[in-house]
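**Student:** File follows, start-v3.txt with compact mmCIF, C-alpha atoms:
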```txt
# COMPACT_ATOMS: atom_id res chain seq x y z
CA MET A 1 0.00 0.00 0.00
CA ALA A 2 1.41 3.41 -0.99
CA ALA A 3 2.05 5.87 1.84
CA LYS A 4 -0.41 8.72 2.04
CA PRO A 5 0.96 12.06 0.80
CA ALA A 6 2.12 14.48 3.52
CA TRP A 7 -0.92 16.74 3.21
CA ALA A 8 -3.27 13.80 3.63
CA GLN A 9 -1.39 12.64 6.74
CA ARG A 10 -1.66 16.14 8.15
CA LEU A 11 -5.40 16.15 7.54
CA ALA A 12 -5.96 12.72 9.14
CA GLY A 13 -8.74 13.13 11.72
CA VAL A 14 -9.51 16.66 10.57
CA ARG A 15 -13.22 17.33 10.23
CA GLY A 16 -13.22 21.08 9.87
CA LEU A 17 -11.19 24.05 8.65
CA LEU A 18 -10.85 27.58 9.98
CA LEU A 19 -9.96 30.00 7.20
CA ASP A 20 -8.58 33.48 7.65
CA VAL A 21 -9.92 35.95 5.09
CA SER A 22 -7.90 39.17 4.66
CA GLY A 23 -4.56 38.39 3.08
CA VAL A 24 -5.57 34.73 2.63
CA LEU A 25 -8.71 34.85 0.46
CA TYR A 26 -8.60 38.49 -0.61
CA ASP A 27 -6.65 41.74 -0.26
CA SER A 28 -8.54 44.90 0.63
CA GLY A 29 -8.21 47.95 -1.58
CA ASP A 30 -10.03 50.51 -3.66
CA GLY A 31 -13.48 49.40 -4.76
CA GLY A 32 -13.55 46.69 -2.09
CA GLY A 33 -10.38 44.78 -2.91
CA THR A 34 -9.47 41.78 -5.01
CA ALA A 35 -9.74 38.02 -4.57
CA ILE A 36 -6.41 36.20 -4.34
CA PRO A 37 -6.24 33.99 -7.45
CA GLY A 38 -7.57 30.47 -6.84
CA SER A 39 -9.04 31.25 -3.42
CA ALA A 40 -12.73 31.27 -4.41
CA GLU A 41 -12.31 27.90 -6.11
CA ALA A 42 -10.45 26.59 -3.02
CA VAL A 43 -13.40 27.56 -0.81
CA ALA A 44 -15.78 25.82 -3.21
CA ARG A 45 -13.64 22.64 -3.17
CA ILE A 46 -13.47 22.59 0.63
CA LYS A 47 -17.24 22.88 0.76
CA ARG A 48 -17.67 20.05 -1.75
CA SER A 49 -15.26 17.87 0.26
CA GLY A 50 -17.67 17.65 3.18
CA LEU A 51 -15.27 19.31 5.65
CA LYS A 52 -16.91 21.80 7.97
CA LEU A 53 -15.71 25.30 7.16
CA ARG A 54 -15.71 28.50 9.17
CA PHE A 55 -14.27 31.88 8.27
CA CYS A 56 -12.36 33.31 11.24
CA THR A 57 -11.39 36.91 10.67
CA ASN A 58 -10.20 39.91 12.63
CA GLU A 59 -11.96 42.18 10.14
CA SER A 60 -13.29 45.00 12.27
CA GLN A 61 -13.76 47.80 9.76
CA LYS A 62 -16.97 46.38 8.31
CA SER A 63 -20.05 44.68 9.74
CA ARG A 64 -20.28 40.98 8.96
CA SER A 65 -23.10 41.61 6.47
CA LYS A 66 -21.08 44.24 4.57
CA PHE A 67 -17.99 42.03 4.67
CA VAL A 68 -19.87 38.98 3.43
CA GLY A 69 -21.58 41.03 0.69
CA LEU A 70 -18.16 42.16 -0.51
CA LEU A 71 -16.78 38.61 -0.54
CA GLN A 72 -19.85 37.32 -2.39
CA ARG A 73 -19.32 39.97 -5.07
CA LEU A 74 -15.71 38.75 -5.36
CA GLY A 75 -17.04 35.26 -6.12
CA PHE A 76 -16.90 33.53 -2.74
CA ASP A 77 -19.55 31.08 -1.51
CA ILE A 78 -19.93 32.53 1.99
CA SER A 79 -22.78 33.56 4.30
CA VAL A 80 -22.93 35.69 7.47
CA ASN A 81 -23.55 32.70 9.74
CA GLU A 82 -20.27 31.11 8.60
CA VAL A 83 -18.18 34.03 9.89
CA THR A 84 -16.57 34.43 13.33
CA SER A 85 -15.48 38.04 13.80
CA PRO A 86 -14.55 40.15 16.84
CA ALA A 87 -17.47 42.61 17.04
CA PRO A 88 -20.14 40.08 18.08
CA ALA A 89 -17.66 38.54 20.54
CA ALA A 90 -17.06 42.00 22.02
CA CYS A 91 -20.82 42.64 22.33
CA LYS A 92 -21.13 39.42 24.33
CA ILE A 93 -18.41 40.59 26.74
CA LEU A 94 -19.94 44.06 27.08
CA LYS A 95 -23.33 42.59 27.98
CA GLU A 96 -21.91 40.04 30.43
CA ARG A 97 -19.93 42.71 32.29
CA GLY A 98 -22.45 45.57 32.15
CA LEU A 99 -20.07 47.70 30.08
CA ARG A 100 -21.31 50.72 28.14
CA PRO A 101 -18.87 51.35 25.31
CA HIS A 102 -17.56 54.49 23.73
CA LEU A 103 -17.00 53.24 20.18
CA LEU A 104 -13.81 54.18 18.35
CA VAL A 105 -14.85 52.22 15.27
CA HIS A 106 -15.47 52.73 11.59
CA ASP A 107 -19.01 53.77 10.64
CA ASP A 108 -19.36 50.57 8.61
CA VAL A 109 -19.07 48.37 11.71
CA ARG A 110 -21.23 50.49 14.02
CA SER A 111 -24.38 48.48 13.23
CA GLU A 112 -22.83 45.45 14.98
CA PHE A 113 -23.23 47.41 18.23
CA ASP A 114 -26.90 48.32 17.69
CA GLY A 115 -28.77 47.84 20.91
CA MET A 116 -25.71 48.37 23.14
CA ASP A 117 -26.09 51.10 25.76
CA THR A 118 -23.51 53.73 24.80
CA SER A 119 -24.67 56.42 27.23
CA ASN A 120 -22.28 57.55 29.99
CA PRO A 121 -19.59 55.14 28.74
CA ASN A 122 -17.49 53.10 31.18
CA CYS A 123 -15.18 51.53 28.60
CA VAL A 124 -13.78 52.06 25.10
CA VAL A 125 -14.04 49.62 22.21
CA ILE A 126 -11.46 50.19 19.50
CA ALA A 127 -11.50 48.63 16.04
CA ASP A 128 -9.78 49.18 12.71
CA SER A 129 -11.17 52.63 11.95
CA GLY A 130 -9.15 53.66 8.92
CA ASP A 131 -9.61 57.35 8.16
CA ASP A 132 -11.81 57.66 11.26
CA PHE A 133 -8.61 57.40 13.34
CA SER A 134 -8.44 61.21 13.35
CA TYR A 135 -6.65 62.99 16.20
CA GLN A 136 -10.03 64.25 17.37
CA ASN A 137 -11.55 60.74 17.50
CA VAL A 138 -8.54 59.11 19.17
CA ASN A 139 -8.49 61.99 21.68
CA LYS A 140 -12.17 61.49 22.50
CA ALA A 141 -11.54 57.83 23.30
CA PHE A 142 -8.53 58.83 25.43
CA GLN A 143 -10.60 61.39 27.33
CA VAL A 144 -13.23 58.76 28.15
CA LEU A 145 -10.58 56.33 29.42
CA ILE A 146 -8.51 58.79 31.45
CA LYS A 147 -11.56 59.85 33.47
CA LEU A 148 -12.47 56.28 34.48
CA GLU A 149 -11.35 54.90 37.82
CA ASN A 150 -10.76 51.48 36.19
CA PRO A 151 -10.25 52.17 32.49
CA VAL A 152 -11.30 49.24 30.29
CA LEU A 153 -10.08 49.19 26.69
CA ILE A 154 -11.35 46.39 24.46
CA SER A 155 -9.53 46.05 21.15
CA LEU A 156 -10.93 44.11 18.19
CA GLY A 157 -7.69 42.43 17.21
CA LYS A 158 -4.19 43.82 17.55
CA GLY A 159 -2.88 43.62 13.99
CA ARG A 160 0.03 45.88 13.11
CA TYR A 161 -0.87 46.59 9.47
CA TYR A 162 -2.42 45.02 6.42
CA LYS A 163 -2.19 45.28 2.68
CA GLU A 164 -4.54 47.69 0.96
CA GLY A 165 -4.19 48.08 -2.77
CA ASP A 166 -0.50 48.42 -3.53
CA GLY A 167 0.60 49.45 -0.06
CA LEU A 168 0.51 48.66 3.64
CA VAL A 169 -1.75 50.57 6.01
CA LEU A 170 -2.01 50.71 9.79
CA ASP A 171 -4.36 48.28 11.50
CA VAL A 172 -5.98 48.70 14.92
CA GLY A 173 -2.95 47.47 16.94
CA PRO A 174 -0.87 50.68 16.76
CA TYR A 175 -3.83 52.74 17.97
CA MET A 176 -4.51 50.24 20.74
CA LYS A 177 -0.87 50.70 21.81
CA ALA A 178 -1.25 54.49 21.67
CA LEU A 179 -4.19 54.40 24.10
CA GLU A 180 -2.47 51.82 26.31
CA TYR A 181 0.54 54.10 26.66
CA ALA A 182 -1.49 57.29 27.11
CA CYS A 183 -3.51 55.78 29.98
CA ASP A 184 -0.90 53.32 31.32
CA ILE A 185 -3.27 50.38 30.86
CA GLN A 186 -3.41 47.02 29.08
CA ALA A 187 -6.09 46.47 26.46
CA GLU A 188 -8.16 43.30 26.37
CA VAL A 189 -7.88 41.86 22.88
CA VAL A 190 -10.97 40.25 21.36
CA GLY A 191 -10.19 38.36 18.17
CA LYS A 192 -7.12 36.48 17.05
CA PRO A 193 -4.79 35.48 18.67
CA ALA A 194 -6.97 35.26 21.84
CA PRO A 195 -7.69 31.57 22.59
CA GLU A 196 -11.30 32.39 23.56
CA PHE A 197 -11.90 33.65 20.04
CA PHE A 198 -10.77 30.41 18.40
CA GLN A 199 -12.76 28.44 20.99
CA ALA A 200 -15.90 30.40 20.05
CA ALA A 201 -15.31 29.52 16.39
CA LEU A 202 -14.89 25.82 17.29
CA LYS A 203 -18.09 25.89 19.34
CA GLU A 204 -19.93 27.40 16.37
CA MET A 205 -18.63 24.50 14.22
CA GLY A 206 -19.50 21.90 16.85
CA LEU A 207 -15.95 20.49 16.72
CA GLU A 208 -13.03 20.02 19.11
CA ALA A 209 -9.64 21.66 18.58
CA HIS A 210 -7.94 18.41 17.51
CA GLU A 211 -10.51 17.98 14.74
CA VAL A 212 -9.82 21.34 13.11
CA SER A 213 -7.02 22.76 11.01
CA GLY A 214 -6.60 26.42 10.07
CA THR A 215 -4.78 28.99 8.02
CA MET B 1 23.42 81.84 64.31
CA ALA B 2 19.98 80.84 63.04
CA ALA B 3 19.88 77.80 60.71
CA LYS B 4 19.21 78.61 57.09
CA PRO B 5 15.66 77.78 55.96
CA ALA B 6 15.26 74.48 54.06
CA TRP B 7 14.90 76.15 50.66
CA ALA B 8 18.10 78.11 51.16
CA GLN B 9 19.99 74.94 52.15
CA ARG B 10 18.66 73.22 49.02
CA LEU B 11 19.89 76.11 46.89
CA ALA B 12 23.38 76.22 48.44
CA GLY B 13 25.89 76.09 45.60
CA VAL B 14 23.18 76.53 42.97
CA ARG B 15 24.14 79.02 40.28
CA GLY B 16 21.44 78.30 37.71
CA LEU B 17 17.90 77.06 37.25
CA LEU B 18 16.27 74.98 34.52
CA LEU B 19 12.57 75.74 34.22
CA ASP B 20 9.98 73.61 32.46
CA VAL B 21 7.36 75.68 30.67
CA SER B 22 4.12 73.84 29.76
CA GLY B 23 2.20 72.99 32.91
CA VAL B 24 4.73 74.93 35.02
CA LEU B 25 4.64 78.47 33.65
CA TYR B 26 1.56 78.23 31.46
CA ASP B 27 -1.18 75.86 30.27
CA SER B 28 -1.87 75.63 26.53
CA GLY B 29 -5.37 76.21 25.25
CA ASP B 30 -7.56 78.24 22.91
CA GLY B 31 -6.03 81.55 21.89
CA GLY B 32 -2.57 80.39 22.97
CA GLY B 33 -3.20 79.41 26.57
CA THR B 34 -2.96 81.09 29.96
CA ALA B 35 -0.13 81.91 32.33
CA ILE B 36 -0.22 80.04 35.63
CA PRO B 37 -0.79 82.73 38.30
CA GLY B 38 2.44 84.07 39.78
CA SER B 39 4.71 82.39 37.24
CA ALA B 40 5.63 85.50 35.21
CA GLU B 41 6.59 87.30 38.44
CA ALA B 42 8.58 84.24 39.56
CA VAL B 43 10.60 84.33 36.31
CA ALA B 44 11.24 88.04 36.82
CA ARG B 45 12.43 87.45 40.42
CA ILE B 46 14.77 84.65 39.36
CA LYS B 47 16.29 86.94 36.75
CA ARG B 48 16.73 89.75 39.30
CA SER B 49 18.39 87.30 41.72
CA GLY B 50 21.39 86.86 39.43
CA LEU B 51 20.84 83.11 39.00
CA LYS B 52 21.36 81.85 35.46
CA LEU B 53 18.07 80.74 33.97
CA ARG B 54 17.24 78.46 31.07
CA PHE B 55 13.86 77.29 29.82
CA CYS B 56 13.97 73.57 29.08
CA THR B 57 10.84 72.40 27.30
CA ASN B 58 9.60 69.44 25.30
CA GLU B 59 7.31 71.77 23.36
CA SER B 60 7.36 70.38 19.85
CA GLN B 61 4.18 71.75 18.32
CA LYS B 62 5.58 75.24 17.78
CA SER B 63 8.89 76.65 16.61
CA ARG B 64 10.91 78.34 19.34
CA SER B 65 10.15 81.79 17.91
CA LYS B 66 6.39 81.16 17.90
CA PHE B 67 6.58 79.65 21.37
CA VAL B 68 8.59 82.54 22.77
CA GLY B 69 6.27 85.08 21.10
CA LEU B 70 3.31 83.43 22.81
CA LEU B 71 5.02 83.47 26.22
CA GLN B 72 6.02 87.12 25.80
CA ARG B 73 2.39 88.00 25.07
CA LEU B 74 1.45 86.17 28.29
CA GLY B 75 3.82 88.49 30.20
CA PHE B 76 7.01 86.44 30.46
CA ASP B 77 10.50 87.92 30.16
CA ILE B 78 11.93 85.31 27.77
CA SER B 79 13.91 85.22 24.53
CA VAL B 80 14.59 82.51 21.93
CA ASN B 81 18.21 82.05 22.96
CA GLU B 82 17.14 81.15 26.51
CA VAL B 83 15.13 78.13 25.33
CA THR B 84 16.33 74.52 24.98
CA SER B 85 13.79 72.52 22.94
CA PRO B 86 13.94 69.20 21.07
CA ALA B 87 13.69 70.33 17.43
CA PRO B 88 17.16 71.97 17.24
CA ALA B 89 18.64 68.99 19.12
CA ALA B 90 17.04 66.66 16.57
CA CYS B 91 18.45 68.72 13.65
CA LYS B 92 21.93 68.32 15.12
CA ILE B 93 21.50 64.52 15.25
CA LEU B 94 20.11 64.39 11.71
CA LYS B 95 23.09 66.33 10.35
CA GLU B 96 25.66 64.30 12.29
CA ARG B 97 24.25 61.01 11.04
CA GLY B 98 23.37 62.01 7.47
CA LEU B 99 19.67 61.38 8.07
CA ARG B 100 17.03 62.79 5.73
CA PRO B 101 13.80 63.06 7.70
CA HIS B 102 10.21 62.52 6.78
CA LEU B 103 8.56 65.01 9.13
CA LEU B 104 5.43 64.01 11.04
CA VAL B 105 5.23 67.37 12.76
CA HIS B 106 2.86 70.29 13.16
CA ASP B 107 3.09 72.99 10.49
CA ASP B 108 4.07 75.50 13.20
CA VAL B 109 7.32 73.67 13.97
CA ARG B 110 8.30 72.87 10.38
CA SER B 111 10.47 76.00 10.07
CA GLU B 112 12.87 74.53 12.69
CA PHE B 113 13.81 71.97 10.02
CA ASP B 114 14.43 74.50 7.24
CA GLY B 115 17.59 73.55 5.39
CA MET B 116 17.33 69.85 6.23
CA ASP B 117 17.33 67.51 3.22
CA THR B 118 13.92 65.82 3.27
CA SER B 119 14.19 64.15 -0.15
CA ASN B 120 14.14 60.35 -0.32
CA PRO B 121 13.78 60.09 3.48
CA ASN B 122 15.74 57.52 5.50
CA CYS B 123 14.14 58.26 8.88
CA VAL B 124 11.03 59.71 10.46
CA VAL B 125 10.91 62.57 12.95
CA ILE B 126 7.73 62.68 15.01
CA ALA B 127 6.61 65.59 17.17
CA ASP B 128 3.44 66.70 18.90
CA SER B 129 1.31 67.26 15.80
CA GLY B 130 -2.15 67.84 17.29
CA ASP B 131 -4.81 67.73 14.59
CA ASP B 132 -2.14 66.86 12.03
CA PHE B 133 -2.05 63.36 13.57
CA SER B 134 -4.58 62.27 10.95
CA TYR B 135 -4.72 58.60 9.91
CA GLN B 136 -3.37 59.64 6.53
CA ASN B 137 -0.35 61.44 8.02
CA VAL B 138 0.47 58.71 10.56
CA ASN B 139 0.14 56.15 7.76
CA LYS B 140 2.56 58.08 5.54
CA ALA B 141 5.18 58.04 8.30
CA PHE B 142 4.57 54.31 8.81
CA GLN B 143 4.97 53.64 5.09
CA VAL B 144 8.34 55.45 5.06
CA LEU B 145 9.57 53.44 8.06
CA ILE B 146 8.35 50.02 6.98
CA LYS B 147 10.22 50.29 3.67
CA LEU B 148 13.58 51.06 5.34
CA GLU B 149 16.09 48.33 5.99
CA ASN B 150 17.05 49.97 9.29
CA PRO B 151 14.06 52.11 10.29
CA VAL B 152 15.04 55.12 12.41
CA LEU B 153 12.29 56.90 14.34
CA ILE B 154 13.26 60.05 16.23
CA SER B 155 10.64 61.32 18.66
CA LEU B 156 10.66 64.85 20.09
CA GLY B 157 9.74 63.88 23.64
CA LYS B 158 7.54 61.00 24.72
CA GLY B 159 4.87 62.74 26.81
CA ARG B 160 1.61 60.87 27.29
CA TYR B 161 -0.75 63.88 27.36
CA TYR B 162 -0.98 67.47 28.46
CA LYS B 163 -3.56 69.93 29.59
CA GLU B 164 -5.21 72.06 26.95
CA GLY B 165 -7.94 74.41 28.06
CA ASP B 166 -10.23 72.45 30.37
CA GLY B 167 -9.21 69.00 29.21
CA LEU B 168 -6.35 66.63 28.55
CA VAL B 169 -5.12 65.90 25.03
CA LEU B 170 -2.75 63.34 23.58
CA ASP B 171 0.93 64.26 23.32
CA VAL B 172 3.50 62.77 20.94
CA GLY B 173 4.23 59.68 23.08
CA PRO B 174 1.15 57.63 22.14
CA TYR B 175 1.85 58.16 18.43
CA MET B 176 5.50 57.25 18.92
CA LYS B 177 4.30 54.01 20.55
CA ALA B 178 1.91 53.39 17.64
CA LEU B 179 4.75 53.58 15.10
CA GLU B 180 7.08 51.55 17.33
CA TYR B 181 4.51 48.76 17.48
CA ALA B 182 3.59 48.94 13.78
CA CYS B 183 7.24 48.58 12.70
CA ASP B 184 8.55 46.58 15.68
CA ILE B 185 11.20 49.20 16.45
CA GLN B 186 12.33 51.43 19.30
CA ALA B 187 12.21 55.18 18.85
CA GLU B 188 15.11 57.42 19.85
CA VAL B 189 13.74 60.10 22.16
CA VAL B 190 15.16 63.60 21.84
CA GLY B 191 14.06 65.87 24.68
CA LYS B 192 13.30 65.17 28.30
CA PRO B 193 13.96 62.77 29.97
CA ALA B 194 17.00 61.97 27.78
CA PRO B 195 20.21 62.87 29.72
CA GLU B 196 21.80 64.31 26.55
CA PHE B 197 19.03 66.89 26.39
CA PHE B 198 19.65 68.17 29.92
CA GLN B 199 23.41 68.14 29.25
CA ALA B 200 22.87 70.34 26.19
CA ALA B 201 20.92 72.80 28.33
CA LEU B 202 23.72 72.84 30.93
CA LYS B 203 26.31 73.44 28.24
CA GLU B 204 24.25 76.35 26.94
CA MET B 205 24.27 77.79 30.48
CA GLY B 206 27.98 77.19 30.96
CA LEU B 207 27.33 75.33 34.24
CA GLU B 208 27.88 71.85 35.68
CA ALA B 209 25.01 69.58 36.79
CA HIS B 210 25.75 70.09 40.52
CA GLU B 211 25.39 73.85 40.07
CA VAL B 212 21.88 73.70 38.63
CA SER B 213 18.43 72.99 40.05
CA GLY B 214 15.28 72.47 38.00
CA THR B 215 11.53 72.06 37.95
```
Just give me the structure as structure tokens.
**Tutor:**
Amino acid sequence: MAAKPAWAQRLAGVRGLLLDVSGVLYDSGDGGGTAIPGSAEAVARIKRSGLKLRFCTNESQKSRSKFVGLLQRLGFDISVNEVTSPAPAACKILKERGLRPHLLVHDDVRSEFDGMDTSNPNCVVIADSGDDFSYQNVNKAFQVLIKLENPVLISLGKGRYYKEGDGLVLDVGPYMKALEYACDIQAEVVGKPAPEFFQAALKEMGLEAHEVSGT
Amino acid sequence: MAAKPAWAQRLAGVRGLLLDVSGVLYDSGDGGGTAIPGSAEAVARIKRSGLKLRFCTNESQKSRSKFVGLLQRLGFDISVNEVTSPAPAACKILKERGLRPHLLVHDDVRSEFDGMDTSNPNCVVIADSGDDFSYQNVNKAFQVLIKLENPVLISLGKGRYYKEGDGLVLDVGPYMKALEYACDIQAEVVGKPAPEFFQAALKEMGLEAHEVSGT
């Protein structure tokens, strides 16, 4: 009997896959971005193979519905309920701990926080805000934090930068670090690489860690 | 013989004073800011006393001439050649090391860098830029750094925040930290608390460290 190829050995016992999106399936950019060649077909093949599939992204500049709409237009077979992203995970934490967020987020992701009490904020949620990372907006978030007795900063991911069009642009991480330094605090990161975030994705797939491989 | 009062004992052997400015002599704010009550008279008394006096500031949002003009209008007896500030110290370093800066600085301090070669930059100089800390401007500085083989980031001070009018606003430090994290580098801080900065001020006074007291 011929030995199984290396990739097949690696996939022995694997029943599901976690796929990253930005930089793996597509690159963001003007007009929404571009699919990485072959990636839409790869997603289709994984789905045909019978493996469970979940998209696990730190995308925090768009709501899941906007993000999924964009990926569908780029040719991907993907739906909102297949996506694990930080904003819903953050909402869960906010509710559990009675936190009222000041949102330093892009307008396109604001709808994920509909229904959250944002009056008299007792924490700051920071996400990849792109052009909305103006001095005025970052200052506002700082001013909320510095007045709190126990400042809580929740960051949707901590990426350094990502590719947009032909160049690299700053992600949420540098701005998280700016607020950490300004207020002498440590942010709580929701999203990759936090173990809780991967565990939530596994739970949504109904699989255990040893049954899942990821990019 | 009566014992000298404590302040007189502390000043024994002192021939000069280094005075901080922002938050000590004045608070910045709309219309230029306001003098802290009694501070202009204190400066006048020090000058009458015969002690040497030097203003040692991390102010990096204005050129020395603009800064001094503002303080004069607020009633202070001060001239440009009595001020040690980070921008001239940074220019000295840039020249010595053949560095061509990309300037992430406020328009009001740009004139301090007149005559520096800013073409094809091989380092970034960051200063308190206020509203000019837009995402676009911070991104541009990041894009210069990330393309360099040996990224050099020179920061004029590393203050967390300062008082402006009734509130606190972000200083250069948080943005320095943002770029440090984005590029996985350490900035070189020019200005307080760097020992070289205080030594430059002492040299300008013609005094040794043990002869000088400061705020």
**Student:** Given only C-alpha atoms as the basis, pick out the residue of B:Val125, B:Asp20, B:Gly13, B:Asp77 nearest to Glu41 in chain B.
**Tutor:**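 Closest residue, counting only C-alpha atoms: B:Asp77.
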**Student:** Tell me the residues of chain A close to chain B, meaning within 7 Å using only C-alpha atoms, as a list in words.
**Tutor:**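 Every residue of chain A that passes the 7 Å test is in Gly130, Asp131, Phe133, Ser134, Tyr135, Gln136, Asn139, Gln143, Arg160, Tyr161, Leu168, Val169, Leu170, Pro174, Tyr175, Lys177, Ala178, Leu179, Tyr181 and Ala182 of chain A.
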**Student:** In Å, with one decimal, what is the gap from CA of Gly33 in chain B to CA of Gly16 in chain B?
**Tutor:**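 Spanning CA of Gly33 in chain B to CA of Gly16 in chain B is a straight-line distance of 27.1 Å.
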**Student:** If you count all atoms listed in the file, which residues fall within 12 Å of Gln72 in chain A, apart from same-chain ones fewer than 5 positions away, as a VMD selection string?
**Tutor:** chain A and resid 25 to 26 32 34 to 35 40 43 64 to 67 77 to 80
**Student:** Counting only C-alpha atoms, what is within 9 Å of Glu208 in chain A, bar same-chain residues fewer than 5 positions away, as a PyMOL selection string?
**Tutor:** chain A and resi 199+202-203
**Student:** Taking all atoms listed in the file into account, name the residue in B:Ser155, B:Ser39, B:Ser213, B:Ser49 that is nearest to Glu188 in chain B.
**Tutor:** B:Ser155
**Student:** Between CA of Ala127 in chain A and CA of Ala209 in chain A, what is the distance, to one decimal in Å?
**Tutor:**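 Atom-to-atom, CA of Ala127 in chain A and CA of Ala209 in chain A are spaced 27.2 Å apart.
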**Student:** Put the listed atoms of range 43-55 of chain A in a box along x, y and z with 8 Å added on every side and give me the centre and edge lengths in Å to one decimal, as lines of an AutoDock Vina configuration file.
**Tutor:**
```
center_x = -15.5
center_y = 24.8
center_z = 3.0
size_x = 20.3
size_y = 30.2
size_z = 28.4
```
**Student:** Every residue with an atom at most 8 Å from (11.7, 77.5, 34.6) (file coordinates; only C-alpha atoms) is what I'm after, so could you write them as an mmCIF file with C-alpha atoms, in the coordinates of the input?
**Tutor:**
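Once written, out-v2.cif looks like this:
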```cif
data_model
loop_
_atom_site.group_PDB
_atom_site.id
_atom_site.type_symbol
_atom_site.label_atom_id
_atom_site.label_comp_id
_atom_site.auth_asym_id
_atom_site.auth_seq_id
_atom_site.Cartn_x
_atom_site.Cartn_y
_atom_site.Cartn_z
ATOM 1 C CA LEU B 17 17.900 77.060 37.250
ATOM 2 C CA LEU B 18 16.270 74.980 34.520
ATOM 3 C CA LEU B 19 12.570 75.740 34.220
ATOM 4 C CA ASP B 20 9.980 73.610 32.460
ATOM 5 C CA VAL B 21 7.360 75.680 30.670
ATOM 6 C CA VAL B 24 4.730 74.930 35.020
ATOM 7 C CA LEU B 25 4.640 78.470 33.650
ATOM 8 C CA VAL B 43 10.600 84.330 36.310
ATOM 9 C CA LEU B 53 18.070 80.740 33.970
ATOM 10 C CA ARG B 54 17.240 78.460 31.070
ATOM 11 C CA PHE B 55 13.860 77.290 29.820
ATOM 12 C CA CYS B 56 13.970 73.570 29.080
ATOM 13 C CA GLY B 214 15.280 72.470 38.000
ATOM 14 C CA THR B 215 11.530 72.060 37.950
#
```
**Student:** Take CA of Arg73 in chain B and CA of Met205 in chain B and report the distance between them in Å, one decimal.
**Tutor:** 24.7 Å
**Student:** Considering all atoms listed in the file, can you say which of B:Leu71, B:Val190, B:Cys123, B:Val144 comes closest to Ser28 in chain B?
**Tutor:**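 Closest residue, counting all atoms listed in the file: B:Leu71.
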**Student:** Hey, can you pull every residue with an atom no more than 6 Å from (-5.6, 44.9, -0.7), using all atoms listed in the file, and send it as number ranges by chain?
**Tutor:** A: 27-29, 33, 163-165
**Student:** Write out, as an mmCIF file, in the coordinates of the input, the residues just selected, with C-alpha atoms.
**Tutor:**
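Generated file (out_2.cif):
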```
data_model
loop_
_atom_site.group_PDB
_atom_site.id
_atom_site.type_symbol
_atom_site.label_atom_id
_atom_site.label_comp_id
_atom_site.auth_asym_id
_atom_site.auth_seq_id
_atom_site.Cartn_x
_atom_site.Cartn_y
_atom_site.Cartn_z
ATOM 1 C CA ASP A 27 -6.650 41.740 -0.260
ATOM 2 C CA SER A 28 -8.540 44.900 0.630
ATOM 3 C CA GLY A 29 -8.210 47.950 -1.580
ATOM 4 C CA GLY A 33 -10.380 44.780 -2.910
ATOM 5 C CA LYS A 163 -2.190 45.280 2.680
ATOM 6 C CA GLU A 164 -4.540 47.690 0.960
ATOM 7 C CA GLY A 165 -4.190 48.080 -2.770
#
```
